[in-house]
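Chemist: Dropping in work-v6.cif, with mmCIF, C-alpha atoms.
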```cif
data_protein
#
loop_
_atom_site.label_atom_id
_atom_site.label_comp_id
_atom_site.auth_asym_id
_atom_site.auth_seq_id
_atom_site.Cartn_x
_atom_site.Cartn_y
_atom_site.Cartn_z
CA MET D 1 31.75 17.96 -6.52
CA ARG D 2 29.36 18.57 -9.35
CA PHE D 3 25.71 17.52 -9.07
CA PRO D 4 25.93 14.66 -11.64
CA ASP D 5 28.92 13.20 -9.78
CA CYS D 6 27.02 13.34 -6.47
CA LEU D 7 24.01 11.73 -8.12
CA ILE D 8 26.06 8.85 -9.54
CA ILE D 9 27.82 8.25 -6.21
CA GLY D 10 24.46 8.32 -4.41
CA LEU D 11 22.94 5.79 -6.83
CA LEU D 12 25.95 3.48 -6.50
CA ALA D 13 25.85 3.70 -2.70
CA THR D 14 22.12 2.93 -2.66
CA THR D 15 22.64 -0.05 -4.96
CA ILE D 16 25.52 -1.42 -2.89
CA VAL D 17 23.63 -0.98 0.40
CA GLY D 18 20.55 -2.57 -1.15
CA CYS D 19 22.46 -5.60 -2.39
CA HIS D 20 24.46 -6.05 0.82
CA SER D 21 21.33 -5.92 2.97
CA LEU D 22 20.21 -9.23 1.42
CA PRO D 23 19.11 -11.60 2.74
CA LEU D 24 17.48 -10.72 6.04
CA ALA D 25 17.89 -14.30 7.21
CA THR D 26 19.94 -14.58 10.37
CA ASN D 27 20.14 -18.37 10.14
CA LYS D 28 22.48 -19.25 7.26
CA THR D 29 21.95 -23.00 7.48
CA PRO D 30 20.06 -24.58 4.60
CA VAL D 31 16.43 -25.37 5.34
CA THR D 32 13.94 -27.61 3.62
CA ASN D 33 10.35 -26.74 2.77
CA PRO D 34 8.44 -27.73 4.88
CA ILE D 35 10.51 -27.49 8.04
CA MET D 36 10.04 -29.44 11.22
CA VAL D 37 9.71 -27.17 14.25
CA ARG D 38 10.27 -28.92 17.58
CA ALA D 39 7.96 -27.04 19.90
CA ASN D 40 5.19 -27.83 22.34
CA ASN D 41 3.36 -24.51 22.01
CA TYR D 42 1.26 -24.00 18.87
CA ASP D 43 0.59 -20.36 19.74
CA LEU D 44 4.33 -19.64 19.90
CA VAL D 45 4.91 -21.15 16.44
CA TRP D 46 1.90 -19.25 15.07
CA GLU D 47 2.98 -15.88 16.51
CA ARG D 48 6.60 -16.26 15.37
CA THR D 49 5.36 -17.09 11.87
CA ILE D 50 3.19 -13.95 11.84
CA ASP D 51 6.15 -11.90 13.18
CA THR D 52 8.40 -13.24 10.42
CA LEU D 53 5.86 -12.29 7.73
CA HIS D 54 5.60 -8.80 9.25
CA GLU D 55 9.41 -8.43 9.17
CA TYR D 56 9.10 -8.85 5.41
CA HIS D 57 6.30 -6.20 5.35
CA PHE D 58 3.58 -8.62 4.23
CA ALA D 59 0.08 -7.73 5.41
CA ILE D 60 -2.00 -10.68 6.59
CA SER D 61 -5.24 -11.07 4.62
CA LYS D 62 -6.53 -14.35 6.11
CA GLU D 63 -5.56 -16.52 9.02
CA ASN D 64 -7.24 -19.62 10.33
CA ARG D 65 -5.66 -21.14 13.43
CA LEU D 66 -7.89 -24.23 13.33
CA SER D 67 -6.71 -25.28 9.87
CA GLY D 68 -3.23 -23.76 10.36
CA GLU D 69 -3.37 -21.51 7.31
CA ILE D 70 -2.03 -17.98 6.89
CA GLU D 71 -2.38 -16.00 3.67
CA THR D 72 -0.99 -12.55 2.91
CA ASP D 73 -2.14 -9.76 0.63
CA TYR D 74 -0.19 -9.10 -2.54
CA LYS D 75 2.91 -6.97 -2.01
CA THR D 76 4.61 -5.02 -4.79
CA GLY D 77 8.06 -6.39 -5.51
CA ALA D 78 11.01 -4.42 -4.15
CA GLY D 79 13.65 -2.87 -6.38
CA ILE D 80 17.28 -1.98 -5.78
CA PHE D 81 16.32 1.43 -4.40
CA GLU D 82 14.23 -0.17 -1.62
CA PRO D 83 16.72 -2.06 0.55
CA TRP D 84 14.32 -1.99 3.53
CA HIS D 85 11.89 -4.34 1.73
CA TYR D 86 13.00 -7.97 1.96
CA ASP D 87 10.55 -9.70 -0.41
CA ALA D 88 13.27 -9.70 -3.10
CA ALA D 89 15.41 -12.37 -1.45
CA ASN D 90 18.52 -12.04 -3.63
CA ALA D 91 20.15 -9.60 -6.04
CA LYS D 92 18.59 -11.24 -9.12
CA GLU D 93 15.07 -10.90 -7.70
CA ARG D 94 15.77 -7.32 -6.62
CA MET D 95 17.00 -6.36 -10.10
CA GLU D 96 13.96 -8.00 -11.69
CA GLY D 97 11.72 -5.99 -9.34
CA THR D 98 13.50 -2.82 -10.46
CA LEU D 99 12.97 -3.49 -14.16
CA GLN D 100 9.50 -5.11 -14.03
CA SER D 101 6.28 -4.60 -12.09
CA LEU D 102 6.04 -7.65 -9.82
CA ARG D 103 3.90 -8.69 -6.90
CA ARG D 104 4.15 -11.54 -4.41
CA ARG D 105 1.91 -13.23 -1.89
CA ILE D 106 2.61 -15.88 0.72
CA GLN D 107 0.68 -18.92 1.95
CA VAL D 108 1.80 -20.68 5.12
CA HIS D 109 0.51 -24.04 6.39
CA ILE D 110 1.21 -25.23 9.94
CA THR D 111 0.30 -28.81 10.82
CA GLN D 112 0.88 -30.68 14.04
CA VAL D 113 2.96 -33.84 13.82
CA GLU D 114 4.54 -36.08 16.40
CA GLY D 115 7.23 -34.11 18.20
CA GLY D 116 6.29 -30.64 16.91
CA TYR D 117 4.91 -28.86 13.88
CA MET D 118 5.52 -28.86 10.14
CA VAL D 119 5.63 -25.35 8.65
CA SER D 120 5.28 -25.03 4.88
CA VAL D 121 5.74 -21.72 3.02
CA GLU D 122 4.64 -21.03 -0.55
CA ALA D 123 5.60 -17.70 -2.16
CA PHE D 124 3.84 -16.89 -5.44
CA LYS D 125 5.20 -14.32 -7.89
CA GLU D 126 3.26 -12.54 -10.65
CA LEU D 127 4.37 -10.18 -13.42
CA GLU D 128 2.20 -7.22 -14.48
CA ASP D 129 0.84 -7.43 -18.03
CA LEU D 130 -0.58 -4.19 -19.40
CA PRO D 131 -2.68 -4.51 -22.57
CA GLY D 132 -1.08 -1.36 -24.04
CA ILE D 133 0.80 1.68 -22.91
CA ALA D 134 -0.03 2.96 -19.45
CA ALA D 135 -2.12 6.12 -19.49
CA ASN D 136 -0.03 7.58 -16.70
CA SER D 137 3.14 7.49 -18.79
CA ALA D 138 4.63 10.69 -20.17
CA SER D 139 2.07 12.34 -22.48
CA GLY D 140 -0.30 9.40 -22.05
CA ALA D 141 -3.16 11.71 -21.09
CA THR D 142 -2.59 13.92 -24.13
CA PHE D 143 -2.03 11.60 -27.08
CA GLN D 144 -3.49 8.12 -27.27
CA GLU D 145 -2.08 5.82 -29.93
CA SER D 146 -5.29 3.84 -30.39
CA GLU D 147 -7.66 6.77 -30.94
CA PRO D 148 -7.70 9.78 -33.27
CA LEU D 149 -6.97 13.15 -31.70
CA LYS D 150 -10.02 14.58 -29.91
CA ARG D 151 -10.50 17.65 -27.80
CA ASP D 152 -11.18 16.54 -24.27
CA LEU D 153 -10.05 18.89 -21.55
CA ASN D 154 -10.68 16.32 -18.79
CA LEU D 155 -7.44 14.73 -17.65
CA VAL D 156 -7.10 10.96 -17.63
CA VAL D 157 -6.31 9.74 -14.14
CA GLY D 158 -4.92 6.24 -13.72
CA GLN D 159 -4.83 3.42 -16.22
CA THR D 160 -7.30 3.15 -19.08
CA SER D 161 -7.85 -0.55 -18.41
CA PRO D 162 -7.15 -2.86 -15.47
CA SER D 163 -3.80 -4.58 -15.16
CA GLY D 164 -3.46 -8.23 -15.95
CA TRP D 165 -1.06 -10.47 -14.07
CA ILE D 166 1.01 -13.35 -15.41
CA PHE D 167 1.70 -16.12 -12.90
CA LYS D 168 5.48 -16.69 -12.77
CA GLY D 169 5.50 -19.61 -10.35
CA ARG D 170 6.89 -19.97 -6.88
CA ASP D 171 9.67 -17.78 -5.53
CA ARG D 172 11.93 -20.41 -3.94
CA ALA D 173 14.51 -17.85 -2.76
CA LEU D 174 11.87 -15.96 -0.76
CA GLU D 175 10.50 -19.21 0.67
CA HIS D 176 14.00 -20.20 1.84
CA ALA D 177 14.64 -16.76 3.37
CA LEU D 178 11.31 -16.79 5.24
CA LEU D 179 11.89 -20.28 6.61
CA SER D 180 15.47 -19.44 7.63
CA ASP D 181 14.28 -16.38 9.52
CA LEU D 182 11.47 -18.35 11.13
CA VAL D 183 13.97 -20.91 12.40
CA GLY D 184 16.09 -18.06 13.74
CA ASN D 185 13.09 -16.43 15.43
CA LEU D 186 12.09 -19.72 17.06
CA GLN D 187 15.62 -20.51 18.26
CA GLY D 188 15.75 -17.16 20.05
CA GLN D 189 12.90 -18.29 22.31
#
```
Just dump the structure as structure tokens.

Modeler:
Amino acid sequence: MRFPDCLIIGLLATTIVGCHSLPLATNKTPVTNPIMVRANNYDLVWERTIDTLHEYHFAISKENRLSGEIETDYKTGAGIFEPWHYDAANAKERMEGTLQSLRRRIQVHITQVEGGYMVSVEAFKELEDLPGIAANSASGATFQESEPLKRDLNLVVGQTSPSGWIFKGRDRALEHALLSDLVGNLQGQ
């Protein structure tokens, strides 16, 4: 086989594997947000929630057991060539993450109610908004469109200005996948 043929087959195989690995959820039953978890042990619900967030590769930034709140750091959105990242909960989200710079963060609220706990998940998605071309693009360090040519032998490293982010709302597909996996993780106990 020629190299281009191998490359095309490899890309197709990666795309197919990436799309078929979705979603991670082991529990295929529909869930509502928030879900009612029938459990007597708050620590068990808390730890399974943290475990579920870690399965999706979200790093915890804040957690407060007294108020029942967990917040994650932002995570860069996965593309089709990253099937091991599960934050893109369906093929549409994964394709969008391939074509756009996205990031997501999660907020979880656990409250005690009669007979168990209510677990609410909110997934927030943002789209990167650069004010101009990125300096780290091809020839970005050599020729700037906004300035006349000047002789500077120091290379530009990174972006010329900070990124802006456009709030795109809640990612309902990711919320559903997280809650489905949480139900599955709690049923295994």

Chemist: With distances taken over only C-alpha atoms, which residue among D:Arg103, D:His57, D:His109, D:Arg65 lies nearest D:Gly77?

Modeler: D:Arg103

Chemist: To one decimal place, how far is atom CA of D:Val121 from atom CA of D:Gln107 in Å?

Modeler: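 Distance reported for this atom pair: 5.9 Å.
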
Chemist: Could you state the separation of atom CA of D:Glu128 and atom CA of D:Ile166 in Å, given to one decimal place?

Modeler: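 Pair atom CA of D:Glu128 / atom CA of D:Ile166 returns 6.3 Å.
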
Chemist: Using only C-alpha atoms for the distances, tell me which of D:Met118, D:Leu186, D:Ala123, D:Ala59 is nearest to D:Met36.

Modeler: D:Met118

Chemist: Any idea what's packed within 8 Å of D:Gly68, counting all atoms listed in the file, ignoring anything in its chain fewer than 3 positions away? Could you give it as a VMD selection string?

Modeler: chain D and resid 63 to 65 108 to 111

Chemist: Need to verify the contact set: D:Thr32, 12 Å, only C-alpha atoms, exclusion of same-chain residues closer than 3 positions in sequence. Can you return it as a PyMOL selection string?

Modeler: chain D and resi 29+35-37+118-121+172-173+175-180+183

Chemist: I'd like the residues picked by the PyMOL selection byres ((chain D and resi 55) around 12) written out as a PDB file with C-alpha atoms, in the frame of the given file, using the chain letters and numbers from the file.

Modeler:
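Output contents, as saved in selection_28.pdb:
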```pdb
ATOM      1  CA  LEU D  24      17.480 -10.720   6.040  1.00  0.00           C
ATOM      2  CA  ALA D  25      17.890 -14.300   7.210  1.00  0.00           C
ATOM      3  CA  ARG D  48       6.600 -16.260  15.370  1.00  0.00           C
ATOM      4  CA  THR D  49       5.360 -17.090  11.870  1.00  0.00           C
ATOM      5  CA  ILE D  50       3.190 -13.950  11.840  1.00  0.00           C
ATOM      6  CA  ASP D  51       6.150 -11.900  13.180  1.00  0.00           C
ATOM      7  CA  THR D  52       8.400 -13.240  10.420  1.00  0.00           C
ATOM      8  CA  LEU D  53       5.860 -12.290   7.730  1.00  0.00           C
ATOM      9  CA  HIS D  54       5.600  -8.800   9.250  1.00  0.00           C
ATOM     10  CA  TYR D  56       9.100  -8.850   5.410  1.00  0.00           C
ATOM     11  CA  HIS D  57       6.300  -6.200   5.350  1.00  0.00           C
ATOM     12  CA  PHE D  58       3.580  -8.620   4.230  1.00  0.00           C
ATOM     13  CA  ALA D  59       0.080  -7.730   5.410  1.00  0.00           C
ATOM     14  CA  ILE D  60      -2.000 -10.680   6.590  1.00  0.00           C
ATOM     15  CA  TRP D  84      14.320  -1.990   3.530  1.00  0.00           C
ATOM     16  CA  HIS D  85      11.890  -4.340   1.730  1.00  0.00           C
ATOM     17  CA  TYR D  86      13.000  -7.970   1.960  1.00  0.00           C
ATOM     18  CA  ASP D  87      10.550  -9.700  -0.410  1.00  0.00           C
ATOM     19  CA  ALA D 177      14.640 -16.760   3.370  1.00  0.00           C
ATOM     20  CA  LEU D 178      11.310 -16.790   5.240  1.00  0.00           C
ATOM     21  CA  ASP D 181      14.280 -16.380   9.520  1.00  0.00           C
ATOM     22  CA  LEU D 182      11.470 -18.350  11.130  1.00  0.00           C
ATOM     23  CA  ASN D 185      13.090 -16.430  15.430  1.00  0.00           C
TER      24      ASN D 185
END
```

Chemist: By how many Å are atom CA of D:Asn40 and atom CA of D:Gly184 apart?

Modeler: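 Between atom CA of D:Asn40 and atom CA of D:Gly184 the gap works out to 17.0 Å.
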
Chemist: Of the candidates D:Asp73, D:Lys125, D:Glu47, D:Gly164, which shows the shortest atom-to-atom distance to D:Gly97, using all atoms listed in the file?

Modeler: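 Counting all atoms listed in the file, the residue closest to D:Gly97 is D:Lys125.
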